[in-house]
Amino acid sequence: MKKNNIFLIYGTVIAAYIIIQLLMSAGAVTSSLRGQLVPICAYIVMAVSLNLTVGVLGELSLGHAGFMSIGAFTGVVACMSLESALPPTLPRFVISLLVGAAFAGVAGFLIGIPVLRLNGDYLAIVTLAFGEIIKNIINCLYVGIDSRGLHLSFLTNSDALNLEEGGTVIINGPMGIAGITKLSTFTFGFALVLVALFIVLNLIRSRAGRAIMALRDNRIAAESIGINVTKYKLMAFVTSSALAGAAGTLFALNYSTITAAKFNFNTSILVLVFVVLGGLGNIWGSIIATTVLVILPELLREFNDYRMLVYAIVLILVMLATNNATFKNTLRELVNKIIPEKLIKRKEGTTDGNS
Amino acid sequence: MTFLSYLISGLSLGSVYAIIALGYTMVYGIAKMLNFAHGDVIMVGAYVCFFAMTRWGINPVFGILLAMAVCTVLGVIIERLAYKPLRAVPSLFVLITAIGMSYFLQNAAQLLWTPNPKVFTSVVGNASIKLFDGQLSISVIAIVTIAACFVIMAVLSWYINNTKMGKAMRACSEDKGAAQLMGISVNLTISVTFAIGSALAAVAGVLLCSAYPTLMPTTGAMPGIKAFTAAVFGGIGSIPGAMIGGIMLGIIEIFGKGYISTQLSDAVVFAVLIIVLLVKPTGILGKQINEKV
């Protein structure tokens with residue numbers, strides 16, 4: 001199996017969509033799972049986009065939720081302010097997504113210029129810092145709308161917006177946005193996943209993508225053959241943050257209320273876990289890992305209070321099993337004992353998806 | 001007067017960050033990994049001390065010692081079980097394991113001790129010293145925290161620079177392979193580092209909860225992140241750097257809260273961090289490593 005085999009990736013995603021649609025029409029999907037479908041799509045887009053930064057560009061980012069947050073809030077503001085001007089849902093949804101992606105992309109560009117000059121753990125901590133700053137700023141932001149247009153206010157309260165009679169407060173500081181009309185559907189989410197895959201896979205397989213991977217493998221060597229470091233690093237980072245913004249809009253339009261606290265450090269870490277478990281640079285792996293890990297806590301419901309504990313143990317064991325040689329061999333011997341070796345088609349080098 | 005009182009509470013908070021950051025930076029210097037579970041070891045230390053004092057009525061001093069002992073054992077066990085098998089793999093994988101460990105500790109604490117916040121009684125009481133005709137009041141815990149931080153720093157510097165184990169630590173942080181060839185037991189050295197870092201985390205937990213008395217399973221998370229930031233701020237891997245970074249971070253946070261905005265204080269802290277890192281990309285006391293081709 002070649003890494004990032006496009007037929008495999010598109011094939012699995014489309015097949016999964018069709019199967020879930022069939023199951024839904026047959027009524028075989030539980031309501032708790034149905035509620036997870038849009039978040040799964042949003043997290044897949046997040047994981048795929050973060051994989052572009054962490055796996056393909058090779059820079060650890062701990063603030064990816066910040067871009068998701070920007071996308072979520074700008075997208076929802078766009079959606080709510082267009083409500084009267086553009087009643088049909090599909091174009092309004094698409095415009096909201098584009099607005100979310102654009103704002104997150106611009107933020108990614110502005111943050112990327114200073115951040116990408118740093119290396120390794122220092123870069124990671126600065127992305128963490130930006131994620132926290134974004135969360136803090138949105139927590140202090142008040143946005144309202146009336147017939148004169150949008151009103152912004154910072155650090156005060158919703159009265160400072162000076163709204164006319166009949167105007168509505170959209171972002172209410174730490175209370176976030178309430179009363180969102182849920183526009184996201186599984187089909188929209190699926191479409192966004194396809195678009196994200198299309199963008200990322202094409203980027204990886206293009207000239208620019210090869211330049212980005214060359215930077216990851218050896219920056220100095222790449223620079224010496226004339227690859228523009230800043231340009232390609234920014235290209236990957238901005239694409240990644242714009243996609244995260246779109247994912248944020250999709251995610252936010254699935255709930256009736258959102259707050260900035262939802263997109264905190266833990267969310268960034270959650271997505272990073274998806275990416276690392278799926279395999280760095282392996283897009284298919286990201287999709288699978290995201291799906292499994294979002295559903296896993298639901299499946300562990302019978303463990304009740306213990307489910308997050310079990311989740312943590314599973315996470316540690318998977319990391320040990322995929323990375324520790326002794327652990328891996330013991331596991332393999334165990335498998336061989338249970339199943340005769342002839343029955344296993346041994347494909348060397350495919351057991352671990354990471355590069 | 002407000003300036004002075006902000007400065008003192010900043011110093012006190014910064015001292016807690018510094019003690020936590022010492023644990024981060026020592027582990028990073030030697031094992032080259034970010035131990036995200038460190039923040040949760042703080043929480044465990046605080047809980048142990050809390051139960052020792054309230055449930056068993058143990059003297060606070062012994063409570064702290066007990067918390068240190070429990071955290072030391074916990075830190076070494078964590079290292080042995082989760083990090084040691086992954087010593088040869090890229091640090092990102094160890095980071096994820098550490099995050100798993102952090103989830104584990106938080107959820108285990110939630111099951112053992114319920115998510116309801118507990119009110120931590122300060123180990124030295126709530127007394128405060130009034131100066132300048134009562135215009136300036138300094139709580140005793142602030143003084144104890146600052147003093148503890150300086151004592152720990154002095155002892156640790158002496159230990160690293162003057163003992164055989166300290167020498168082994170410095171050797172391991174420079175080159176593990178060469179250290180091994182010189183007959184240093186790398187595994188033992190790393191275990192000792194984790195033990196010291198975790199014992200310090202217990203002290204930090206008790207001091208933190210004495211000043212800010214809400215104790216929950218997630219209490220350690222945010223101070224953990226801040227202390228990690230402080231360690232990077234001062235130059236990760238450098239012990240005086242962790243101290244300077246921690247104290248500066250605490251002061252900036254309290255000044256940000258007092259003079260700019262309570263809601264934006266974290267943003268101010270992180271903004272200063274970003275500016276420092278842009279000017280000095282390896283932190284205040286970090287070593288500048290020249291690139292070789």
# chains A, B, ... in the order shown; residues from 1 in each chain; ligands from 1
call {"tool": "interface_residues", "arguments": {"of": "chain B", "to": "chain A", "cutoff": "9 Å", "atoms": "only C-alpha atoms", "output": "number ranges by chain"}}
result
B: 34, 82-83, 85-89, 92-94, 96-108, 111, 228-229, 232, 236, 261, 263-271, 273-274, 277-278, 281-283, 293
call {"tool": "residues_around", "arguments": {"residues": "segment 12-15 of chain A", "least_positions_apart": "2", "cutoff": "9 Å", "atoms": "only C-alpha atoms", "output": "count of residues only"}}
result
13
call {"tool": "residues_around", "arguments": {"residues": "segment 183-185 of chain B", "least_positions_apart": "5", "cutoff": "10 Å", "atoms": "only C-alpha atoms", "output": "list in words"}}
result
Met165, Lys167, Ala168, Met169, Ala171, Cys172, Lys176, Gly177, Ala178 and Ile190 of chain B
call {"tool": "select_by_dssp", "arguments": {"residues": "segment 10-218 of chain B", "states": "helix (DSSP H, G or I)", "output": "JSON, numbers by chain"}}
result
{"B": [10, 11, 12, 13, 14, 15, 16, 17, 18, 19, 20, 21, 22, 23, 24, 25, 26, 27, 28, 29, 30, 31, 38, 39, 40, 41, 42, 43, 44, 45, 46, 47, 48, 49, 50, 51, 52, 53, 54, 60, 61, 62, 63, 64, 65, 66, 67, 68, 69, 70, 71, 72, 73, 74, 75, 76, 77, 78, 79, 80, 81, 82, 83, 84, 85, 86, 91, 92, 93, 94, 95, 96, 97, 98, 99, 100, 101, 102, 103, 104, 105, 106, 107, 108, 109, 110, 111, 112, 113, 140, 141, 142, 143, 144, 145, 146, 147, 148, 149, 150, 151, 152, 153, 154, 155, 156, 157, 158, 159, 160, 161, 162, 164, 165, 166, 167, 168, 169, 170, 171, 172, 173, 174, 176, 177, 178, 179, 180, 181, 186, 187, 188, 189, 190, 191, 192, 193, 194, 195, 196, 197, 198, 199, 200, 201, 202, 203, 204, 205, 206, 207, 208, 209, 210, 211]}
call {"tool": "closest_residue", "arguments": {"among": "A:Val200, A:Ala208, A:Leu234, A:Leu215", "to": "Ala47 of chain A", "atoms": "only C-alpha atoms"}}
result
A:Val200
call {"tool": "closest_residue", "arguments": {"among": "A:Thr53, A:Gln21, A:Asn336, A:Thr330", "to": "Leu37 of chain A", "atoms": "only C-alpha atoms"}}
result
A:Gln21
call {"tool": "closest_residue", "arguments": {"among": "A:Gly248, A:Gly55, A:Gly105, A:Pro39", "to": "Ile212 of chain A", "atoms": "only C-alpha atoms"}}
result
A:Gly55
call {"tool": "decode", "arguments": {"residues": "segment 140-226 of chain A", "atoms": "C-alpha atoms", "output": "PDB file, in the first residue's frame"}}
result
ATOM      1  CA  CYS A 140     -13.615  39.776  25.417  1.00  0.00           C
ATOM      2  CA  LEU A 141     -15.260  40.451  22.069  1.00  0.00           C
ATOM      3  CA  TYR A 142     -18.777  41.788  21.631  1.00  0.00           C
ATOM      4  CA  VAL A 143     -20.401  41.909  18.211  1.00  0.00           C
ATOM      5  CA  GLY A 144     -23.921  43.003  17.408  1.00  0.00           C
ATOM      6  CA  ILE A 145     -25.958  43.784  14.331  1.00  0.00           C
ATOM      7  CA  ASP A 146     -28.712  46.260  13.516  1.00  0.00           C
ATOM      8  CA  SER A 147     -29.965  48.045  10.416  1.00  0.00           C
ATOM      9  CA  ARG A 148     -26.762  50.134  10.211  1.00  0.00           C
ATOM     10  CA  GLY A 149     -24.559  47.057  10.009  1.00  0.00           C
ATOM     11  CA  LEU A 150     -22.168  45.247  12.314  1.00  0.00           C
ATOM     12  CA  HIS A 151     -20.980  46.800  15.594  1.00  0.00           C
ATOM     13  CA  LEU A 152     -17.826  45.759  17.382  1.00  0.00           C
ATOM     14  CA  SER A 153     -16.814  46.365  20.950  1.00  0.00           C
ATOM     15  CA  PHE A 154     -13.927  45.076  22.995  1.00  0.00           C
ATOM     16  CA  LEU A 155     -13.522  44.453  26.716  1.00  0.00           C
ATOM     17  CA  THR A 156     -16.718  46.219  27.749  1.00  0.00           C
ATOM     18  CA  ASN A 157     -20.185  44.697  27.667  1.00  0.00           C
ATOM     19  CA  SER A 158     -22.967  44.275  25.164  1.00  0.00           C
ATOM     20  CA  ASP A 159     -24.463  47.699  26.024  1.00  0.00           C
ATOM     21  CA  ALA A 160     -21.408  49.436  24.590  1.00  0.00           C
ATOM     22  CA  LEU A 161     -22.399  48.248  21.130  1.00  0.00           C
ATOM     23  CA  ASN A 162     -25.012  51.055  20.906  1.00  0.00           C
ATOM     24  CA  LEU A 163     -27.420  48.895  19.008  1.00  0.00           C
ATOM     25  CA  GLU A 164     -30.615  50.383  17.581  1.00  0.00           C
ATOM     26  CA  GLU A 165     -34.037  49.105  18.564  1.00  0.00           C
ATOM     27  CA  GLY A 166     -34.432  45.599  17.195  1.00  0.00           C
ATOM     28  CA  GLY A 167     -30.709  45.005  16.825  1.00  0.00           C
ATOM     29  CA  THR A 168     -29.329  41.715  18.091  1.00  0.00           C
ATOM     30  CA  VAL A 169     -26.155  40.860  19.956  1.00  0.00           C
ATOM     31  CA  ILE A 170     -24.298  38.090  18.125  1.00  0.00           C
ATOM     32  CA  ILE A 171     -21.123  37.498  20.110  1.00  0.00           C
ATOM     33  CA  ASN A 172     -21.701  38.218  23.771  1.00  0.00           C
ATOM     34  CA  GLY A 173     -18.191  38.097  25.255  1.00  0.00           C
ATOM     35  CA  PRO A 174     -17.545  35.049  27.429  1.00  0.00           C
ATOM     36  CA  MET A 175     -21.092  33.826  26.819  1.00  0.00           C
ATOM     37  CA  GLY A 176     -20.211  33.284  23.163  1.00  0.00           C
ATOM     38  CA  ILE A 177     -22.912  32.998  20.532  1.00  0.00           C
ATOM     39  CA  ALA A 178     -26.362  31.731  21.395  1.00  0.00           C
ATOM     40  CA  GLY A 179     -29.314  30.916  19.212  1.00  0.00           C
ATOM     41  CA  ILE A 180     -27.451  29.631  16.174  1.00  0.00           C
ATOM     42  CA  THR A 181     -29.641  28.107  13.483  1.00  0.00           C
ATOM     43  CA  LYS A 182     -28.159  24.675  12.908  1.00  0.00           C
ATOM     44  CA  LEU A 183     -27.228  24.579   9.241  1.00  0.00           C
ATOM     45  CA  SER A 184     -24.627  21.823   9.239  1.00  0.00           C
ATOM     46  CA  THR A 185     -25.767  18.467   7.993  1.00  0.00           C
ATOM     47  CA  PHE A 186     -23.854  15.263   7.460  1.00  0.00           C
ATOM     48  CA  THR A 187     -23.911  15.831   3.700  1.00  0.00           C
ATOM     49  CA  PHE A 188     -22.392  19.323   4.070  1.00  0.00           C
ATOM     50  CA  GLY A 189     -19.761  17.890   6.422  1.00  0.00           C
ATOM     51  CA  PHE A 190     -18.978  15.118   3.996  1.00  0.00           C
ATOM     52  CA  ALA A 191     -18.622  17.636   1.157  1.00  0.00           C
ATOM     53  CA  LEU A 192     -16.214  19.703   3.236  1.00  0.00           C
ATOM     54  CA  VAL A 193     -14.160  16.592   4.028  1.00  0.00           C
ATOM     55  CA  LEU A 194     -13.909  15.875   0.292  1.00  0.00           C
ATOM     56  CA  VAL A 195     -12.880  19.459  -0.475  1.00  0.00           C
ATOM     57  CA  ALA A 196     -10.262  19.401   2.305  1.00  0.00           C
ATOM     58  CA  LEU A 197      -8.907  16.075   1.067  1.00  0.00           C
ATOM     59  CA  PHE A 198      -8.809  17.400  -2.481  1.00  0.00           C
ATOM     60  CA  ILE A 199      -6.867  20.502  -1.435  1.00  0.00           C
ATOM     61  CA  VAL A 200      -4.420  18.720   0.865  1.00  0.00           C
ATOM     62  CA  LEU A 201      -3.763  15.697  -1.335  1.00  0.00           C
ATOM     63  CA  ASN A 202      -3.231  17.871  -4.390  1.00  0.00           C
ATOM     64  CA  LEU A 203      -0.932  20.161  -2.458  1.00  0.00           C
ATOM     65  CA  ILE A 204       1.144  17.225  -1.220  1.00  0.00           C
ATOM     66  CA  ARG A 205       1.444  15.771  -4.695  1.00  0.00           C
ATOM     67  CA  SER A 206       2.354  19.052  -6.361  1.00  0.00           C
ATOM     68  CA  ARG A 207       5.687  20.767  -6.859  1.00  0.00           C
ATOM     69  CA  ALA A 208       4.956  22.942  -3.820  1.00  0.00           C
ATOM     70  CA  GLY A 209       4.190  19.871  -1.735  1.00  0.00           C
ATOM     71  CA  ARG A 210       7.483  18.261  -2.639  1.00  0.00           C
ATOM     72  CA  ALA A 211       9.235  21.488  -1.701  1.00  0.00           C
ATOM     73  CA  ILE A 212       7.429  21.487   1.666  1.00  0.00           C
ATOM     74  CA  MET A 213       8.445  17.887   2.356  1.00  0.00           C
ATOM     75  CA  ALA A 214      12.014  18.682   1.346  1.00  0.00           C
ATOM     76  CA  LEU A 215      12.000  21.442   3.971  1.00  0.00           C
ATOM     77  CA  ARG A 216      10.792  18.957   6.557  1.00  0.00           C
ATOM     78  CA  ASP A 217      13.438  16.385   5.739  1.00  0.00           C
ATOM     79  CA  ASN A 218      16.372  18.765   5.610  1.00  0.00           C
ATOM     80  CA  ARG A 219      15.836  22.475   5.706  1.00  0.00           C
ATOM     81  CA  ILE A 220      19.411  23.449   4.988  1.00  0.00           C
ATOM     82  CA  ALA A 221      19.730  21.130   2.012  1.00  0.00           C
ATOM     83  CA  ALA A 222      16.413  22.335   0.638  1.00  0.00           C
ATOM     84  CA  GLU A 223      17.398  25.958   1.108  1.00  0.00           C
ATOM     85  CA  SER A 224      20.699  25.381  -0.651  1.00  0.00           C
ATOM     86  CA  ILE A 225      18.986  24.153  -3.804  1.00  0.00           C
ATOM     87  CA  GLY A 226      16.907  27.306  -3.927  1.00  0.00           C
TER      88      GLY A 226
END
